[in-house]
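Q: entry18.txt is the file, holding compact mmCIF, C-alpha atoms and all ligand atoms:
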# COMPACT_ATOMS: atom_id res chain seq x y z
CA MET M 1 94.02 89.24 106.69
CA GLN M 2 94.14 88.81 102.92
CA VAL M 3 97.55 88.03 101.48
CA PRO M 4 98.58 87.45 97.87
CA ALA M 5 99.85 84.09 96.64
CA GLN M 6 103.64 83.73 96.37
CA PHE M 7 105.35 85.54 93.51
CA GLU M 8 108.80 86.36 92.20
CA TYR M 9 109.84 90.02 92.25
CA GLU M 10 112.04 91.67 89.63
CA ARG M 11 113.03 95.33 89.45
CA ALA M 12 113.44 96.65 85.90
CA THR M 13 116.28 99.11 85.36
CA SER M 14 115.31 100.28 81.86
CA VAL M 15 112.44 99.89 79.41
CA GLY M 16 114.55 97.34 77.49
CA HIS M 17 115.13 95.39 80.72
CA ALA M 18 111.41 95.46 81.55
CA LEU M 19 110.66 94.02 78.10
CA GLU M 20 113.28 91.29 78.62
CA LEU M 21 111.68 90.37 81.94
CA LEU M 22 108.21 90.34 80.36
CA ALA M 23 109.54 87.97 77.69
CA LYS M 24 111.20 85.79 80.34
CA TYR M 25 108.03 85.26 82.39
CA GLY M 26 105.51 85.30 79.50
CA PRO M 27 101.84 85.51 80.49
CA GLU M 28 102.71 84.73 84.14
CA GLY M 29 104.62 88.00 84.52
CA ARG M 30 102.84 91.23 85.38
CA VAL M 31 104.03 94.83 85.41
CA ILE M 32 103.56 96.66 88.69
CA ALA M 33 103.44 100.47 88.73
CA GLY M 34 101.61 102.16 91.64
CA GLY M 35 100.13 98.83 92.73
CA HIS M 36 96.84 100.41 93.79
CA SER M 37 94.78 98.18 91.52
CA LEU M 38 97.02 95.14 91.12
CA ILE M 39 97.88 94.52 94.78
CA PRO M 40 94.21 94.51 95.95
CA MET M 41 93.41 92.12 93.07
CA MET M 42 96.27 89.84 94.16
CA LYS M 43 95.10 89.93 97.77
CA LEU M 44 91.65 88.88 96.65
CA ARG M 45 93.27 86.21 94.42
CA LEU M 46 91.58 87.75 91.40
CA ALA M 47 95.10 88.00 89.95
CA ARG M 48 97.86 85.43 90.62
CA PRO M 49 100.95 86.47 88.64
CA GLU M 50 104.03 84.30 89.13
CA ALA M 51 106.26 87.35 88.85
CA LEU M 52 105.90 91.09 89.39
CA ILE M 53 108.03 93.31 87.17
CA ASP M 54 108.49 96.58 89.00
CA ILE M 55 108.85 99.58 86.65
CA ASN M 56 109.02 102.24 89.37
CA GLU M 57 112.70 103.04 88.70
CA LEU M 58 112.14 103.87 85.02
CA SER M 59 112.54 107.64 85.25
CA GLU M 60 112.31 107.87 81.44
CA LEU M 61 108.61 107.05 81.85
CA SER M 62 108.04 109.80 84.44
CA ARG M 63 108.28 112.86 82.22
CA ILE M 64 105.62 115.40 81.20
CA GLU M 65 106.78 117.45 78.23
CA VAL M 66 105.62 119.33 75.14
CA VAL M 67 107.19 117.97 71.95
CA GLY M 68 106.22 118.85 68.40
CA GLY M 69 102.68 120.09 69.06
CA GLU M 70 101.88 117.32 71.54
CA LEU M 71 101.71 117.03 75.31
CA ARG M 72 103.55 113.81 76.18
CA ILE M 73 102.85 112.12 79.48
CA GLY M 74 104.99 109.15 80.58
CA ALA M 75 103.14 106.05 81.72
CA LEU M 76 104.77 106.24 85.15
CA VAL M 77 103.66 109.80 85.89
CA ARG M 78 101.76 109.72 89.20
CA HIS M 79 98.27 111.16 89.44
CA ALA M 80 99.63 113.79 91.87
CA GLU M 81 102.40 114.79 89.44
CA LEU M 82 99.93 115.32 86.62
CA LEU M 83 97.82 117.42 88.97
CA GLU M 84 100.90 119.48 89.89
CA SER M 85 101.90 120.11 86.26
CA ALA M 86 100.94 123.71 85.44
CA GLU M 87 101.62 123.10 81.75
CA ALA M 88 99.35 120.06 81.58
CA GLY M 89 96.61 121.99 83.38
CA ARG M 90 96.96 125.00 81.10
CA LEU M 91 96.89 122.98 77.88
CA PHE M 92 94.35 120.39 79.01
CA PRO M 93 92.31 121.60 81.99
CA ILE M 94 90.28 118.37 81.65
CA LEU M 95 93.28 116.51 83.12
CA HIS M 96 93.31 118.62 86.27
CA ASP M 97 89.53 118.39 86.58
CA ALA M 98 89.78 114.60 86.40
CA GLU M 99 92.82 114.21 88.64
CA ARG M 100 91.23 116.33 91.36
CA VAL M 101 88.48 113.72 91.68
CA VAL M 102 90.53 110.51 91.29
CA ALA M 103 90.34 108.80 94.67
CA ASP M 104 92.21 110.53 97.51
CA PRO M 105 95.73 111.96 98.00
CA ILE M 106 97.14 108.60 99.16
CA VAL M 107 96.07 106.87 95.94
CA ARG M 108 97.05 109.87 93.81
CA ASN M 109 100.57 110.00 95.30
CA ARG M 110 101.34 106.49 94.12
CA GLY M 111 98.89 105.51 91.35
CA THR M 112 100.06 106.16 87.80
CA VAL M 113 98.54 107.34 84.55
CA GLY M 114 99.69 104.16 82.78
CA GLY M 115 98.35 101.90 85.52
CA SER M 116 94.96 103.61 85.33
CA LEU M 117 94.72 103.10 81.59
CA CYS M 118 96.04 99.53 81.63
CA GLN M 119 93.66 98.59 84.43
CA ALA M 120 90.84 99.67 82.07
CA ASP M 121 88.25 99.67 84.84
CA PRO M 122 85.03 101.07 83.27
CA SER M 123 84.96 103.58 86.16
CA GLU M 124 88.50 104.90 85.61
CA ASP M 125 88.33 108.70 85.26
CA LEU M 126 91.40 109.16 83.07
CA SER M 127 90.14 106.76 80.40
CA ALA M 128 87.24 109.05 79.52
CA ALA M 129 89.41 112.17 79.79
CA PHE M 130 92.04 110.82 77.36
CA THR M 131 89.25 109.59 75.08
CA ALA M 132 87.70 113.07 74.95
CA VAL M 133 90.96 114.71 73.87
CA ARG M 134 91.73 111.96 71.34
CA ALA M 135 95.01 110.96 72.91
CA GLU M 136 97.29 108.30 71.51
CA ALA M 137 98.95 105.54 73.51
CA VAL M 138 102.53 104.53 72.76
CA VAL M 139 103.06 100.82 73.34
CA GLU M 140 106.51 99.26 73.25
CA GLY M 141 107.47 95.62 72.72
CA VAL M 142 110.62 93.73 71.77
CA ASP M 143 109.60 94.05 68.11
CA GLY M 144 109.22 97.85 68.21
CA THR M 145 106.81 100.62 69.09
CA ARG M 146 103.13 100.98 68.19
CA VAL M 147 100.98 104.10 68.45
CA VAL M 148 97.38 103.24 69.28
CA PRO M 149 94.57 105.84 69.39
CA VAL M 150 93.12 105.72 72.91
CA ARG M 151 89.73 105.16 71.29
CA GLU M 152 91.06 101.78 70.10
CA PHE M 153 93.10 101.10 73.24
CA PHE M 154 90.25 99.75 75.38
CA THR M 155 89.12 96.43 73.96
CA GLY M 156 86.66 95.68 76.78
CA PRO M 157 86.23 96.01 80.53
CA TYR M 158 89.68 95.40 82.07
CA GLU M 159 91.12 94.66 78.62
CA THR M 160 93.42 96.77 76.46
CA ALA M 161 95.42 96.66 73.26
CA VAL M 162 98.64 96.15 75.27
CA GLY M 163 99.66 92.64 74.22
CA PRO M 164 101.72 90.01 76.05
CA GLY M 165 105.29 91.20 76.43
CA GLU M 166 104.36 94.85 75.80
CA LEU M 167 104.54 97.96 77.94
CA LEU M 168 102.53 101.17 77.76
CA VAL M 169 105.20 103.86 77.76
CA GLN M 170 103.50 107.18 76.97
CA LEU M 171 100.32 109.12 76.21
CA ARG M 172 100.39 111.78 73.50
CA LEU M 173 97.78 114.54 73.37
CA PRO M 174 97.49 116.76 70.28
CA ILE M 175 97.58 120.49 71.14
CA ARG M 176 95.18 122.50 68.98
CA ASP M 177 94.39 126.21 69.05
CA GLY M 178 90.82 127.19 69.84
CA THR M 179 90.25 124.11 72.01
CA GLY M 180 88.87 123.93 75.54
CA SER M 181 88.23 120.92 77.76
CA ALA M 182 86.55 119.94 81.02
CA TYR M 183 85.63 116.91 83.15
CA ALA M 184 82.55 116.72 85.38
CA LYS M 185 81.90 113.87 87.81
CA VAL M 186 79.26 112.92 90.36
CA GLY M 187 80.24 110.45 93.10
CA ARG M 188 78.51 109.36 96.29
CA ARG M 189 81.15 111.06 98.42
CA ALA M 190 84.55 112.71 98.07
CA GLY M 191 87.21 110.30 96.78
CA ASP M 192 84.74 107.69 95.55
CA TRP M 193 84.48 106.17 92.09
CA ALA M 194 82.07 107.90 89.72
CA ILE M 195 78.34 107.27 89.64
CA ALA M 196 78.77 108.90 86.24
CA ALA M 197 81.23 111.35 84.75
CA VAL M 198 81.79 113.09 81.43
CA GLY M 199 84.87 114.54 79.74
CA ALA M 200 84.44 117.09 76.95
CA SER M 201 86.84 118.66 74.49
CA LEU M 202 85.61 121.31 72.11
CA ARG M 203 87.34 123.11 69.25
CA VAL M 204 85.41 126.04 67.85
CA ASP M 205 86.16 128.22 64.84
CA GLY M 206 83.94 131.21 64.01
CA GLY M 207 81.22 129.94 66.35
CA VAL M 208 81.14 126.52 64.67
CA VAL M 209 82.24 123.28 66.33
CA VAL M 210 85.06 121.86 64.23
CA GLU M 211 85.99 119.09 66.65
CA ALA M 212 84.11 117.62 69.60
CA GLY M 213 85.32 114.89 71.93
CA LEU M 214 83.10 113.30 74.57
CA GLY M 215 84.24 110.57 76.96
CA LEU M 216 81.86 108.86 79.39
CA THR M 217 82.86 107.15 82.65
CA ALA M 218 81.03 104.26 84.36
CA VAL M 219 77.94 104.22 82.15
CA GLY M 220 78.67 101.38 79.73
CA ALA M 221 79.72 103.51 76.78
CA SER M 222 81.56 101.42 74.21
CA HIS M 223 85.26 102.47 74.19
CA PHE M 224 84.25 105.24 76.66
CA VAL M 225 83.03 107.39 73.71
CA ALA M 226 79.72 109.23 73.14
CA VAL M 227 80.16 109.08 69.39
CA GLU M 228 76.56 109.95 68.43
CA ALA M 229 76.69 113.16 70.48
CA GLU M 230 80.07 114.04 68.98
CA ASP M 231 78.67 113.58 65.46
CA PHE M 232 75.69 115.77 66.33
CA LEU M 233 77.93 118.60 67.57
CA HIS M 234 80.37 118.46 64.69
CA GLY M 235 79.80 121.24 62.12
CA GLY M 236 76.98 122.92 64.07
CA PRO M 237 76.85 126.15 66.07
CA ALA M 238 78.35 126.14 69.57
CA THR M 239 75.17 127.16 71.40
CA PRO M 240 73.58 126.25 74.76
CA GLU M 241 70.67 124.57 72.95
CA ARG M 242 73.03 122.33 70.99
CA PHE M 243 74.99 121.43 74.15
CA GLU M 244 71.74 120.45 75.86
CA GLU M 245 70.71 118.34 72.88
CA ALA M 246 74.14 116.68 72.82
CA GLY M 247 73.61 115.76 76.48
CA ALA M 248 70.28 114.15 75.67
CA ILE M 249 71.87 112.19 72.81
CA ALA M 250 74.77 110.99 74.99
CA ALA M 251 72.30 109.88 77.67
CA ALA M 252 70.12 108.03 75.16
CA HIS M 253 73.05 106.06 73.69
CA CYS M 254 74.96 104.96 76.80
CA SER M 255 74.14 101.73 78.69
CA PRO M 256 74.43 102.28 82.44
CA ALA M 257 73.82 99.35 84.78
CA ALA M 258 71.83 99.64 88.00
CA ASP M 259 74.08 98.94 91.00
CA GLN M 260 74.85 100.15 94.53
CA ARG M 261 75.70 103.57 93.04
CA GLY M 262 72.22 104.11 91.66
CA PRO M 263 69.54 103.06 89.19
CA ALA M 264 70.17 103.21 85.44
CA ASP M 265 67.72 106.07 84.78
CA TYR M 266 69.44 108.24 87.40
CA LYS M 267 72.82 107.60 85.74
CA ARG M 268 71.35 108.46 82.36
CA HIS M 269 70.01 111.71 83.83
CA LEU M 270 73.51 112.47 85.15
CA VAL M 271 75.06 111.85 81.73
CA ALA M 272 72.70 114.38 80.14
CA GLN M 273 73.42 117.02 82.79
CA LEU M 274 77.17 116.42 83.01
CA THR M 275 77.63 116.40 79.23
CA THR M 276 75.93 119.78 78.93
CA ARG M 277 77.90 121.15 81.89
CA ALA M 278 81.26 119.88 80.60
CA LEU M 279 80.58 121.29 77.12
CA HIS M 280 79.79 124.73 78.58
CA ARG M 281 83.00 124.66 80.62
CA ALA M 282 85.08 123.47 77.70
CA HIS M 283 83.60 126.23 75.54
CA ASP M 284 84.40 128.90 78.14
CA ARG M 285 87.97 127.64 78.46
CA ARG M 286 88.93 127.77 74.78
CA ALA M 287 92.47 129.05 74.33
CA GLY M 288 94.90 129.93 71.58
C1 LIG U 301 90.70 103.23 97.22
C2 LIG U 301 90.88 103.51 95.76
C3 LIG U 301 90.06 104.43 95.14
C4 LIG U 301 90.20 104.71 93.78
N1 LIG U 301 89.38 105.63 93.22
C5 LIG U 301 89.54 105.94 91.91
C6 LIG U 301 88.73 106.91 91.29
O1 LIG U 301 87.84 107.54 91.88
N2 LIG U 301 88.93 107.16 89.96
C7 LIG U 301 89.91 106.51 89.26
O2 LIG U 301 90.03 106.78 88.07
N3 LIG U 301 90.71 105.61 89.82
C8 LIG U 301 90.56 105.30 91.13
N4 LIG U 301 91.38 104.36 91.71
C9 LIG U 301 92.39 103.67 90.89
C10 LIG U 301 93.69 104.43 90.88
O3 LIG U 301 93.58 105.47 89.92
C11 LIG U 301 94.88 103.51 90.52
O4 LIG U 301 96.03 104.24 90.67
C12 LIG U 301 94.90 102.98 89.10
O5 LIG U 301 93.78 102.21 88.86
C13 LIG U 301 96.05 102.02 88.82
O6 LIG U 301 97.27 102.66 88.77
P1 LIG U 301 98.55 101.97 89.40
O7 LIG U 301 99.73 102.71 88.95
O8 LIG U 301 98.35 101.79 90.86
O9 LIG U 301 98.54 100.53 88.64
P2 LIG U 301 98.91 99.06 89.12
O10 LIG U 301 97.98 98.61 90.20
O11 LIG U 301 100.37 98.97 89.41
O12 LIG U 301 98.60 98.27 87.78
C14 LIG U 301 97.30 98.16 87.28
C15 LIG U 301 97.33 97.25 86.03
O13 LIG U 301 98.00 97.91 84.97
C16 LIG U 301 99.16 97.17 84.55
N5 LIG U 301 100.18 98.17 84.23
C17 LIG U 301 100.56 99.21 85.01
N6 LIG U 301 101.40 100.01 84.34
C18 LIG U 301 101.58 99.47 83.12
C19 LIG U 301 102.34 99.83 81.96
N7 LIG U 301 103.09 100.95 81.93
N8 LIG U 301 102.28 99.04 80.87
C20 LIG U 301 101.53 97.91 80.87
N9 LIG U 301 100.78 97.52 81.94
C21 LIG U 301 100.80 98.29 83.05
C22 LIG U 301 99.49 96.24 85.70
O14 LIG U 301 100.15 95.07 85.25
C23 LIG U 301 98.10 95.94 86.23
O15 LIG U 301 97.48 94.95 85.44
C24 LIG U 301 91.22 104.06 93.04
C25 LIG U 301 92.07 103.13 93.68
C26 LIG U 301 91.91 102.86 95.01
C27 LIG U 301 92.85 101.89 95.67
Written as structure tokens, that's how I'd like the structure from this file.
A:
Amino acid sequence: MQVPAQFEYERATSVGHALELLAKYGPEGRVIAGGHSLIPMMKLRLARPEALIDINELSELSRIEVVGGELRIGALVRHAELLESAEAGRLFPILHDAERVVADPIVRNRGTVGGSLCQADPSEDLSAAFTAVRAEAVVEGVDGTRVVPVREFFTGPYETAVGPGELLVQLRLPIRDGTGSAYAKVGRRAGDWAIAAVGASLRVDGGVVVEAGLGLTAVGASHFVAVEAEDFLHGGPATPERFEEAGAIAAAHCSPAADQRGPADYKRHLVAQLTTRALHRAHDRRAG
């Protein structure tokens, strides 16, 4: 049986208290949310925090609400809660597409949006989805609050812009008329991590793409973004031919690695197909 090394346990009662505890333990303290990524890493001794700071009682981080033209999702919102939110699904169908294929109900009942983003696993589905819709991450520390575009949030595999002593508190998604979104994933079996997946957000005005967002999962895309394909789409007609070409561009510019989930050329093929498919779905779902 694998067991973690010994650690202190502290239960935060407010965001301010969590920040105090983070300051108290310094780099040896670690936030625990759903625990679905951190606990396995501790059992394998890949992580050995001296103290766990439990944020599960911070109900202020569990809200999903529309404020001032934005959908705001608290960092402690569980995958299952996001999936149950009719408003989130209506405004950003990409979120429901992605949440439906994150792991299994057991993981979704406990795992959190904030934990997924802070884990920054290159295979995390929500990272690409939030990248596609150009979300912003709200990060709080003892010195104040920072708003970081999700496209600048991921600084490398398993690394984020959340600094020592800071907490991710919220995701903010801009709501724009004429926008549709979708997420398409291929895994080896139900509940598995992606072989490859693509999130697309498309805003069209008079048949012309005025904003395109493309996030790629598990294929070595820098910051999860398919920026060359986005640039290609921007300002051009929203047609099937252009969506197919965007898929080819996204596939050509990502850097998938061959592993137990498949060879690199197969993953590249998936990126091309899934990009085109997600763009079609996003286009069909435009609202407002
Ligand atoms: C069997 C299994 C299958 C999975 N399959 C998938 C899948 O197909 N797709 C997918 O996307 N994910 C998958 N996951 C991951 C799942 O989505 C986890 O819930 C997620 O990775 C972590 O969320 P958590 O709340 O459990 O985070 P935790 O494990 O509690 O924390 C993860 C990391 O984030 C930090 N952290 C957490 N919250 C904050 C915060 N608010 N501020 C600062 N730091 C924070 C922690 O300190 C830790 O370093 C799977 C997990 C398991 C166990």
Q: Give as a list of chain:residue names every residue, naming chains and numbers as the document does, that has an atom within 9 Å of (104.2, 106.8, 92.7), counting only C-alpha atoms.
A: M:Ala33, M:Gly34, M:Gly35, M:Asn56, M:Leu76, M:Val77, M:Arg78, M:His79, M:Ala80, M:Glu81, M:Val107, M:Arg108, M:Asn109, M:Arg110, M:Gly111, M:Thr112
Q: Please identify all polymer residues within 12 Å of Asp143 of chain M, counting only C-alpha atoms, omitting same-chain residues fewer than 6 positions from it, and present them as a list in words.
A: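 Contacts, with the query itself left out: Gly16, Leu19, Glu20, Ala23, Gly163, Pro164, Gly165, Glu166 and Leu167 of chain M.
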Q: Between M:Ile53, M:Met41, M:Ala200, M:Ala128, which one has atoms that come closest to Thr217 of chain M, using all atoms listed in the file?
A: M:Ala128
Q: Contacts of Phe7 of chain M at 12 Å or less, counting all atoms listed in the file, minus same-chain residues fewer than 3 places along, as a PyMOL selection string?
A: chain M and resi 3-4+10+25+28-30+39+42-43+47-53
Q: Taking all atoms listed in the file and a cut-off of 6 Å, can you tell me which residues surround ligand LIG 301 (chain U), written as an MDAnalysis selection string?
A: chainID M and resid 30:38 75 102:103 107 111:112 114:116 118:119 124:126 167:169 191:193
Q: Contacts of Ala218 of chain M at 9 Å or less, counting all atoms listed in the file, minus same-chain residues fewer than 5 places along, as a list of chain:residue names?
A: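 Answer for this query is M:Asp121, M:Pro122, M:Ser123, M:Glu124, M:Asp125, M:Trp193, M:Ala194, M:Ile195, M:Ala196, M:Ala197, M:Phe224, M:Pro256, M:Ala257, M:Lys267.
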Q: Quick one: residues within 7 Å of Tyr183 of chain M, only C-alpha atoms, excluding same-chain residues fewer than 3 positions away - as a PyMOL selection string?
A: chain M and resi 94+97-98+129+198-200+278
Q: Name the closest residue to Asp54 of chain M among the candidates M:Arg90, M:His17, M:Arg72, M:His253; distances are taken between atoms, counting only C-alpha atoms.
A: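 Nearest candidate to Asp54 of chain M out of M:Arg90, M:His17, M:Arg72, M:His253: M:His17.
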Q: Select, from M:Ala226, M:Ala18, M:Gly220, M:Glu211, the residue with the minimum atom-to-atom distance to Arg151 of chain M, counting only C-alpha atoms.
A: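 Selected residue with least distance to Arg151 of chain M: M:Ala226.
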Q: Smallest atom-to-atom distance to Leu61 of chain M: which of M:Leu171, M:Ile106, M:Ala282, M:Ala132, using all atoms listed in the file?
A: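 Of M:Leu171, M:Ile106, M:Ala282, M:Ala132, the one nearest Leu61 of chain M, counting all atoms listed in the file, is M:Leu171.
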Q: Skip Leu71 of chain M itself and residues of its chain fewer than 2 positions away, then list as a ChimeraX atom specification all residues within 12 Å of it, counting all atoms listed in the file.
A: /M:63-69,73-74,82,85,87-92,95,130,133-137,170-176
Q: Which distance in Å separates atom CA of Arg11 of chain M and atom CA of Ile55 of chain M, to one decimal?
A: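 A separation of 6.6 Å between them.
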Q: Interatomic distance between atom CA of Val219 of chain M and atom CA of Arg242 of chain M?
A: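 Distance between the two atoms: 21.8 Å.
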Q: Rank nothing, just name the residue among M:Ser181, M:Thr276, M:Ser127, M:Thr155 nearest to Leu233 of chain M, using all atoms listed in the file.
A: M:Thr276
Q: Quick one: pull the distance between atom CA of Pro40 of chain M and atom CA of Thr160 of chain M, Å, one decimal.
A: 19.6 Å
Q: Of the candidates M:Asp265, M:Thr145, M:His96, M:Gly247, which shows the shortest atom-to-atom distance to Val227 of chain M, using all atoms listed in the file?
A: M:Gly247
